[in-house]
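**Student:** Let me begin by handing over the structure; questions about it come next.
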Amino acid sequence: MTLAAQYNGKNLQDFRYEDLMHLRRAELMELFRRLDAPAMAEMRGEYRAALLDCGHVINTLLAWPFLYFLWGTWQHKAFEPLGDDHGHGYNAFITTQPRLHENYFKALFMKLASLALSFFRPSNPQRLARLMLNKTAIVSSVFDGRPSFQLSYREYNSFFTNTMTDEVRKVNDHLFLGIGRLTIIFGKFNPMPFVLIGPPDPWRGPDIPYPDRI
């Protein structure tokens, strides 16, 4: 149950992706503060994901290479609960590269090399790559102190993706509002909203096993 049944005169149970797409960042943050965290057990599987209004144009420019260039085109965030208050997850991208690196700088080198080679040979077929691992937990939000479903990338990633933390709250059974933040671009003072859309596809697991679960 959310704290508020309606937003902008519309029942939250009737909200869809398009409703969030039409909101500005300040409105998305206001809505986020009215929502409750989903239960850990509820967040299971691969949810379709998309960026929402990030406020400044510079944020969109910063997000573009990260979400739509280096590893491919961002498609999903996925989750698997491991207990009542913790779990893990990953991101999924459509790519033509046969191998992707979690490390940002290695990924950039391989992407540029792949683009150069594409002038001399056909591209590989598209595939869905699962990487950018994270740990999940129910924590107190940095935005309002209330519970949020958190994704932490610090444990599994290198600079600068290891400075990223996401928080997610539930709009309705098939729609979740997320707020991303990166320490290197002012953290909670520069939030970057996104949406997760269900019902989710089944959990598949990342391409590279979690280091602490091998």
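Convention: chains lettered A, B, ... in structure tokens order; per-chain residue numbering from 1; ligands numbered from 1 as shown.
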Excluding range 12-20 of chain A and any residue of its chain fewer than 5 positions from it, enumerate the residues within 12 Å of it, using only C-alpha atoms, and give them as a PyMOL selection string.
**Tutor:** chain A and resi 1-7+25-32+34-35+48-53+170-178+193-198
**Student:** List the spatial neighbours of Thr163 in chain A as a PyMOL selection string - criterion: any atom at most 10 Å away, only C-alpha atoms, same-chain residues fewer than 6 positions off excluded.
**Tutor:** chain A and resi 152-155+157+181-185+187
**Student:** Write the residues you've just listed into a file as a CSV table (one decimal), in the first residue's frame, and include C-alpha atoms for each of them.
**Tutor:**
```
chain,number,residue,atom,x,y,z
A,152,SER,CA,24.5,-0.9,-4.4
A,153,TYR,CA,27.2,-1.3,-7.1
A,154,ARG,CA,30.2,-0.6,-4.9
A,155,GLU,CA,31.0,-4.2,-4.1
A,157,ASN,CA,32.2,-2.7,-9.9
A,181,ARG,CA,22.7,8.7,-8.0
A,182,LEU,CA,26.5,8.7,-8.6
A,183,THR,CA,28.9,10.2,-6.0
A,184,ILE,CA,31.1,11.7,-8.8
A,185,ILE,CA,28.2,13.8,-10.1
A,187,GLY,CA,25.1,12.1,-5.5
```
**Student:** Using DSSP on the backbone coordinates, identify the residues of range 112-210 of chain A assigned to strand (DSSP E); present them as a PyMOL selection string.
**Tutor:** chain A and resi 127-140+147-152+164-172+175-182+192-201
**Student:** Filtering to C-alpha atoms, could you give me those residues as a compact mmCIF listing (two decimals), in the first residue's frame?
**Tutor:**
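Once everything was written out, this is part.txt:
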```
# COMPACT_ATOMS: atom_id res chain seq x y z
CA ARG A 127 22.37 -10.77 -27.90
CA LEU A 128 21.26 -9.87 -24.39
CA ALA A 129 24.24 -9.42 -22.06
CA ARG A 130 23.75 -9.54 -18.29
CA LEU A 131 26.31 -7.66 -16.19
CA MET A 132 26.80 -4.62 -13.90
CA LEU A 133 26.20 -6.61 -10.74
CA ASN A 134 24.78 -5.13 -7.58
CA LYS A 135 23.74 -5.99 -4.05
CA THR A 136 20.20 -5.22 -2.92
CA ALA A 137 18.88 -4.40 0.54
CA ILE A 138 16.07 -2.58 2.30
CA VAL A 139 17.64 0.58 3.76
CA SER A 140 16.73 4.05 4.99
CA PRO A 147 12.62 2.51 3.73
CA SER A 148 13.76 2.04 0.13
CA PHE A 149 14.79 -0.95 -1.95
CA GLN A 150 18.47 -0.17 -2.62
CA LEU A 151 20.87 -1.33 -5.32
CA SER A 152 24.54 -0.86 -4.43
CA MET A 164 26.41 4.40 -8.23
CA THR A 165 23.53 3.63 -5.87
CA ASP A 166 19.86 3.26 -6.81
CA GLU A 167 16.72 3.40 -4.70
CA VAL A 168 13.39 1.92 -5.80
CA ARG A 169 9.83 2.36 -4.55
CA LYS A 170 6.56 0.86 -5.69
CA VAL A 171 3.98 2.79 -7.71
CA ASN A 172 1.73 -0.24 -8.27
CA LEU A 175 5.41 -0.14 -12.00
CA PHE A 176 8.35 0.98 -9.85
CA LEU A 177 10.00 4.37 -9.61
CA GLY A 178 13.77 4.39 -9.16
CA ILE A 179 16.18 7.17 -8.29
CA GLY A 180 19.83 6.72 -9.29
CA ARG A 181 22.74 8.71 -7.96
CA LEU A 182 26.48 8.74 -8.61
CA MET A 192 18.49 10.59 -11.97
CA PRO A 193 15.02 8.99 -12.04
CA PHE A 194 14.22 5.79 -13.92
CA VAL A 195 11.33 3.36 -14.19
CA LEU A 196 11.04 -0.41 -13.84
CA ILE A 197 8.15 -2.09 -15.62
CA GLY A 198 6.62 -5.49 -14.90
CA PRO A 199 5.48 -8.12 -14.95
CA PRO A 200 9.09 -9.28 -14.95
CA ASP A 201 10.67 -11.97 -17.09
```
**Student:** Rounded to one decimal, what separation in Å do you get between CA of His76 in chain A and CA of Asn162 in chain A?
**Tutor:**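 Spanning CA of His76 in chain A to CA of Asn162 in chain A is a straight-line distance of 18.6 Å.
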**Student:** Between A:Val142, A:Met40, A:Leu108, A:Leu61, single out the one closest to Gly83 in chain A, counting only C-alpha atoms.
**Tutor:**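 Closest to Gly83 in chain A, using only C-alpha atoms: A:Met40.
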**Student:** Which residue, A:Met43, A:Leu62, A:Ala37, A:Ile208, has the smallest gap to Leu82 in chain A when you use only C-alpha atoms?
**Tutor:**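 Looking only at the distances to Leu82 in chain A, the closest residue turns out to be A:Met43.
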